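*Asks:* Just protein-v9.csv, nothing more (CSV, C-alpha atoms and all ligand atoms):
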```csv
chain,number,residue,atom,x,y,z
Z,1,MET,CA,7.9,-21.6,-22.1
Z,2,LYS,CA,7.4,-18.2,-20.5
Z,3,ASN,CA,5.5,-18.5,-17.2
Z,4,MET,CA,5.1,-15.2,-15.5
Z,5,LYS,CA,3.5,-16.9,-12.5
Z,6,ALA,CA,7.1,-17.1,-11.5
Z,7,MET,CA,6.8,-13.4,-10.5
Z,8,ASP,CA,4.4,-14.5,-7.7
Z,9,ALA,CA,7.4,-16.1,-6.0
Z,10,VAL,CA,9.1,-12.8,-5.5
Z,11,SER,CA,8.6,-11.7,-1.8
Z,12,TYR,CA,7.4,-8.3,-0.6
Z,13,GLY,CA,6.4,-6.7,2.6
Z,14,LEU,CA,3.7,-4.2,3.5
Z,15,PHE,CA,4.5,-0.7,4.7
Z,16,VAL,CA,2.7,2.6,5.5
Z,17,LEU,CA,4.6,5.4,3.8
Z,18,ALA,CA,3.8,8.7,5.5
Z,19,ALA,CA,4.5,12.3,4.6
Z,20,GLN,CA,3.7,15.8,5.9
Z,21,GLN,CA,3.3,18.9,3.8
Z,22,GLY,CA,1.7,22.3,4.6
Z,23,GLY,CA,0.2,20.9,7.8
Z,24,LYS,CA,-1.4,17.9,6.1
Z,25,ASP,CA,-0.5,14.4,7.2
Z,26,ASN,CA,-1.0,11.6,4.8
Z,27,GLY,CA,0.1,8.0,4.2
Z,28,CYS,CA,-0.4,5.1,1.8
Z,29,ILE,CA,0.4,1.4,1.7
Z,30,ILE,CA,3.3,0.3,-0.4
Z,31,ASN,CA,4.8,-3.2,-0.8
Z,32,THR,CA,8.2,-2.5,-2.3
Z,33,VAL,CA,11.0,-1.4,0.1
Z,34,LEU,CA,14.5,-2.7,-0.1
Z,35,GLN,CA,17.7,-1.9,1.7
Z,36,VAL,CA,20.4,-1.5,-1.0
Z,37,THR,CA,23.5,-0.5,1.1
Z,38,ALA,CA,24.4,-0.6,4.8
Z,39,GLU,CA,27.2,2.0,4.7
Z,40,PRO,CA,25.7,4.4,4.0
Z,41,ASN,CA,22.3,3.1,5.1
Z,42,ARG,CA,20.2,3.4,2.0
Z,43,ILE,CA,16.9,2.0,0.7
Z,44,VAL,CA,14.8,2.1,-2.4
Z,45,PHE,CA,11.0,2.1,-2.6
Z,46,THR,CA,8.4,2.5,-5.3
Z,47,VAL,CA,5.1,4.4,-5.0
Z,48,ASN,CA,2.2,4.5,-7.5
Z,49,LYS,CA,1.9,8.0,-8.9
Z,50,GLN,CA,-1.9,8.1,-8.2
Z,51,HIS,CA,-1.2,8.3,-4.4
Z,52,LEU,CA,-1.2,11.8,-2.9
Z,53,THR,CA,1.6,10.6,-0.6
Z,54,HIS,CA,3.7,10.1,-3.8
Z,55,ASP,CA,3.5,13.8,-4.6
Z,56,MET,CA,4.1,14.8,-1.0
Z,57,VAL,CA,7.3,12.7,-0.7
Z,58,MET,CA,8.4,14.0,-4.2
Z,59,GLU,CA,7.9,17.6,-3.1
Z,60,THR,CA,9.2,17.5,0.5
Z,61,GLY,CA,11.9,14.8,0.1
Z,62,LYS,CA,11.0,13.5,3.5
Z,63,PHE,CA,9.1,10.4,4.6
Z,64,THR,CA,8.6,7.9,7.4
Z,65,LEU,CA,8.0,4.2,6.7
Z,66,SER,CA,6.1,2.1,9.3
Z,67,ILE,CA,6.7,-1.6,8.8
Z,68,LEU,CA,3.6,-3.7,9.2
Z,69,SER,CA,3.7,-6.8,11.4
Z,70,GLN,CA,1.6,-9.9,11.5
Z,71,LYS,CA,-0.6,-8.1,14.0
Z,72,ALA,CA,-1.8,-5.7,11.3
Z,73,ASN,CA,-5.5,-6.1,10.6
Z,74,PHE,CA,-7.4,-5.4,7.4
Z,75,ASP,CA,-8.8,-2.2,8.8
Z,76,LEU,CA,-5.3,-0.7,9.0
Z,77,ILE,CA,-4.6,-1.7,5.4
Z,78,ARG,CA,-8.0,-0.4,4.2
Z,79,ARG,CA,-7.5,2.9,6.0
Z,80,PHE,CA,-4.1,3.6,4.3
Z,81,GLY,CA,-4.4,1.5,1.2
Z,82,PHE,CA,-7.9,1.7,-0.2
Z,83,VAL,CA,-9.0,5.3,0.2
Z,84,SER,CA,-7.5,8.5,-1.2
Z,85,GLY,CA,-5.9,11.1,1.0
Z,86,ARG,CA,-7.1,13.6,-1.6
Z,87,ASP,CA,-10.6,13.5,-0.1
Z,88,THR,CA,-10.1,12.1,3.4
Z,89,ASP,CA,-7.8,12.5,6.4
Z,90,LYS,CA,-6.5,9.0,6.7
Z,91,PHE,CA,-5.1,9.6,10.2
Z,92,ALA,CA,-8.5,11.0,11.5
Z,93,GLY,CA,-9.6,9.0,14.6
Z,94,PHE,CA,-6.4,7.1,14.8
Z,95,GLY,CA,-5.7,8.6,18.3
Z,96,ALA,CA,-3.0,6.8,20.2
Z,97,GLY,CA,-2.2,4.7,17.2
Z,98,VAL,CA,0.3,7.3,16.0
Z,99,ARG,CA,3.3,9.4,17.2
Z,100,ARG,CA,4.8,12.4,15.5
Z,101,GLY,CA,8.5,11.9,14.9
Z,102,ASP,CA,11.4,14.4,15.0
Z,103,ASN,CA,10.9,14.9,11.2
Z,104,GLY,CA,7.3,16.1,11.8
Z,105,ILE,CA,5.9,12.9,10.2
Z,106,LEU,CA,3.5,10.5,11.8
Z,107,GLN,CA,4.6,6.9,12.8
Z,108,VAL,CA,2.0,4.2,12.9
Z,109,LEU,CA,2.2,2.4,16.3
Z,110,GLN,CA,-0.5,-0.2,15.8
Z,111,GLY,CA,0.1,-3.4,13.8
Z,112,THR,CA,3.7,-2.4,13.1
Z,113,ASN,CA,7.0,-3.6,14.4
Z,114,ALA,CA,9.4,-0.7,13.4
Z,115,TRP,CA,9.6,2.6,11.7
Z,116,LEU,CA,12.3,4.3,9.6
Z,117,SER,CA,12.5,7.9,8.5
Z,118,GLY,CA,14.6,9.2,5.7
Z,119,THR,CA,15.6,11.7,3.0
Z,120,VAL,CA,15.2,11.3,-0.7
Z,121,LEU,CA,18.4,11.3,-2.7
Z,122,SER,CA,17.1,10.7,-6.2
Z,123,THR,CA,14.1,9.5,-8.1
Z,124,GLN,CA,13.5,7.5,-11.3
Z,125,ASP,CA,10.3,7.7,-13.3
Z,126,LEU,CA,9.0,4.1,-13.9
Z,127,GLY,CA,5.8,5.1,-15.7
Z,128,SER,CA,3.0,4.0,-13.3
Z,129,HIS,CA,5.4,4.4,-10.3
Z,130,THR,CA,8.3,6.4,-9.1
Z,131,LEU,CA,11.4,4.7,-7.7
Z,132,PHE,CA,12.9,6.6,-4.7
Z,133,LEU,CA,16.5,6.2,-3.5
Z,134,ALA,CA,16.8,7.5,0.1
Z,135,ASP,CA,19.1,7.8,3.0
Z,136,VAL,CA,17.7,6.3,6.3
Z,137,ASP,CA,18.2,9.0,8.9
Z,138,ASP,CA,16.4,7.5,12.0
Z,139,GLY,CA,14.4,4.6,13.1
Z,140,ASP,CA,13.2,2.4,16.0
Z,141,VAL,CA,11.9,-1.0,16.8
Z,142,LEU,CA,8.4,-1.1,18.2
Z,143,SER,CA,7.7,-4.8,18.8
Z,144,PRO,CA,9.2,-8.3,18.3
Z,145,ASP,CA,6.4,-9.4,16.0
Z,146,SER,CA,7.4,-10.7,12.6
Z,147,SER,CA,7.0,-8.4,9.6
Z,148,VAL,CA,4.1,-9.1,7.3
Z,149,THR,CA,4.9,-10.4,3.9
Z,150,TYR,CA,2.7,-9.9,0.9
Z,151,ALA,CA,2.0,-13.6,0.9
Z,152,TYR,CA,1.0,-13.5,4.5
Z,153,TYR,CA,-1.4,-10.7,3.8
Z,154,HIS,CA,-3.1,-12.7,1.1
Z,155,SER,CA,-3.3,-15.9,3.3
Z,156,HIS,CA,-4.1,-14.4,6.7
Z,157,ILE,CA,-5.3,-10.8,6.6
Z,158,LYS,CA,-7.3,-10.1,3.4
Z,159,PRO,CA,-10.9,-11.2,3.7
Z,160,ALA,CA,-11.8,-14.2,1.7
Z,161,PRO,CA,-13.5,-13.2,-1.6
Z,162,SER,CA,-16.6,-15.0,-0.6
Z,163,ALA,CA,-18.4,-11.8,0.5
Z,164,PRO,CA,-22.1,-12.0,-0.2
Z,165,PRO,CA,-23.1,-10.6,-3.6
Z,166,ALA,CA,-24.0,-6.9,-3.5
Z,167,ALA,CA,-27.7,-6.3,-3.9
Z,168,PRO,CA,-28.7,-6.9,-7.5
Z,169,ALA,CA,-29.1,-3.8,-9.6
Z,170,PRO,CA,-32.7,-2.8,-10.3
Z,171,GLY,CA,-34.0,-4.6,-13.3
Z,172,GLY,CA,-30.8,-6.6,-13.8
Z,173,GLY,CA,-30.0,-10.0,-12.6
Z,174,SER,CA,-27.5,-11.1,-15.2
Z,175,LYS,CA,-24.5,-9.1,-14.1
Z,176,LYS,CA,-21.2,-10.9,-13.7
Z,177,ARG,CA,-18.8,-10.2,-10.9
Z,178,TRP,CA,-15.0,-10.0,-10.7
Z,179,VAL,CA,-12.9,-9.7,-7.5
Z,180,CYS,CA,-9.7,-7.8,-7.1
Z,181,LYS,CA,-7.1,-10.4,-6.0
Z,182,VAL,CA,-5.2,-7.7,-4.2
Z,183,CYS,CA,-7.8,-6.0,-2.0
Z,184,GLY,CA,-11.1,-7.8,-2.5
Z,185,TYR,CA,-13.0,-5.1,-4.3
Z,186,ILE,CA,-15.8,-6.5,-6.4
Z,187,TYR,CA,-16.7,-5.2,-9.8
Z,188,GLU,CA,-20.1,-5.9,-11.2
Z,189,GLY,CA,-21.1,-5.6,-14.9
Z,190,GLU,CA,-21.5,-7.2,-18.2
Z,191,GLU,CA,-17.7,-7.3,-18.9
Z,192,LEU,CA,-14.7,-6.1,-16.9
Z,193,PRO,CA,-13.1,-3.3,-19.0
Z,194,ALA,CA,-9.5,-4.1,-20.1
Z,195,ASP,CA,-8.3,-0.7,-18.8
Z,196,PHE,CA,-10.2,-1.0,-15.5
Z,197,ILE,CA,-8.3,0.3,-12.5
Z,198,CYS,CA,-9.3,-1.0,-9.0
Z,199,PRO,CA,-10.8,2.1,-7.2
Z,200,TRP,CA,-9.5,0.8,-3.8
Z,201,CYS,CA,-5.9,-0.4,-4.5
Z,202,LYS,CA,-5.2,1.0,-8.0
Z,203,HIS,CA,-4.2,-2.4,-9.4
Z,204,PRO,CA,-5.2,-3.1,-13.1
Z,205,ALA,CA,-7.8,-5.4,-14.6
Z,206,SER,CA,-5.2,-8.2,-14.8
Z,207,ASP,CA,-5.3,-8.5,-11.0
Z,208,PHE,CA,-9.1,-9.4,-11.1
Z,209,GLU,CA,-10.5,-12.8,-11.4
Z,210,PRO,CA,-14.1,-13.8,-12.1
Z,211,LEU,CA,-16.4,-14.9,-9.3
Z,212,PRO,CA,-18.7,-17.8,-9.9
B,1,FE,FE,-7.9,-3.8,-5.5
```
Would you put the structure from the file into structure tokens?
Ligand code: FE
*Replies:*
Amino acid sequence: MKNMKAMDAVSYGLFVLAAQQGGKDNGCIINTVLQVTAEPNRIVFTVNKQHLTHDMVMETGKFTLSILSQKANFDLIRRFGFVSGRDTDKFAGFGAGVRRGDNGILQVLQGTNAWLSGTVLSTQDLGSHTLFLADVDDGDVLSPDSSVTYAYYHSHIKPAPSAPPAAPAPGGGSKKRWVCKVCGYIYEGEELPADFICPWCKHPASDFEPLP
């Protein structure tokens, strides 16, 4: 009996992956970072190709990872996770919440407990994502707060999907609603298209569930 709910037991963290290219700063939320060797100190991480930060890390080979702590709030995750750096400056108005590291890339100082910077060694095309293997060049601890896990995000940070219904569309009261289990985005319509991609977090229709 195949039960892929088993995948839900795999643990993840939450991180802001930041890059800098041609004077533009950008960052996105990722949940897959893993140290693979200590000598040399190397990590792997995966990034959805739809993120502008993906292209910037691919082209510059440089990045900084800020590790989210349990003090992170939903606004931080929304800022870096659910808008596109292609049309906004995600660091705008962040003020004292960031510091520029020696590699020229911004570190997030709010709602984080550490940062790591590194250099990409190789990449592997995974279809929707790219897997990056990288050397860790530098880093520092910012606070003693525990790192956030993906499960903690779902239980403590993400708003409950009980948000009031959006105003009904003119002339239509029979629309159904689906909520993205990852970020809380609500889709309204007759049917959720099978190829629907969440506009906030880029997760597929399979990560949506119907709302009563
Ligand atoms: Fe989503």
*Asks:* Which residues, written as a count of residues only, have at least one atom at most 10 Å from Ile105 of chain Z, with all atoms listed in the file counted and residues fewer than 6 positions away on the same chain left out?
*Replies:* 16
*Asks:* Which residues are near ligand FE 1 (chain B) in this structure, taking near to mean any atom at most 7 Å from a ligand atom and counting all atoms listed in the file? Format them as a PyMOL selection string.
*Replies:* chain Z and resi 180-185+198-203
*Asks:* Rounded to one decimal, what separation in Å do you get between atom CA of Leu116 of chain Z and atom CA of His54 of chain Z?
*Replies:* 16.9 Å
*Asks:* Excluding same-chain residues fewer than 2 positions from segment 36-53 of chain Z, what lies within 6 Å of it counting all atoms listed in the file, as a ChimeraX atom specification?
*Replies:* /Z:27,32-34,55-56,128-136
*Asks:* Using only C-alpha atoms, which protein or nucleic acid residues come within 8 Å of Leu211 of chain Z? Drop anything in the same chain fewer than 3 positions from it, and give the result as a PyMOL selection string.
*Replies:* chain Z and resi 176-179
*Asks:* Which residue, Z:Gln35, Z:Ser146, Z:Asn3, Z:Ser11, has the smallest gap to Thr112 of chain Z when you use all atoms listed in the file?
*Replies:* Z:Ser146
*Asks:* Ranking Z:Pro159, Z:Gly118, Z:Gly104, Z:Gly111 by minimum distance to Leu14 of chain Z and counting all atoms listed in the file, which one comes first?
*Replies:*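 Smallest separation from Leu14 of chain Z among the options: Z:Gly111.
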*Asks:* Separation of atom CA of Ile67 of chain Z and atom CA of Val108 of chain Z, in Å?
*Replies:*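 Result for atom CA of Ile67 of chain Z versus atom CA of Val108 of chain Z: 8.5 Å, one decimal.
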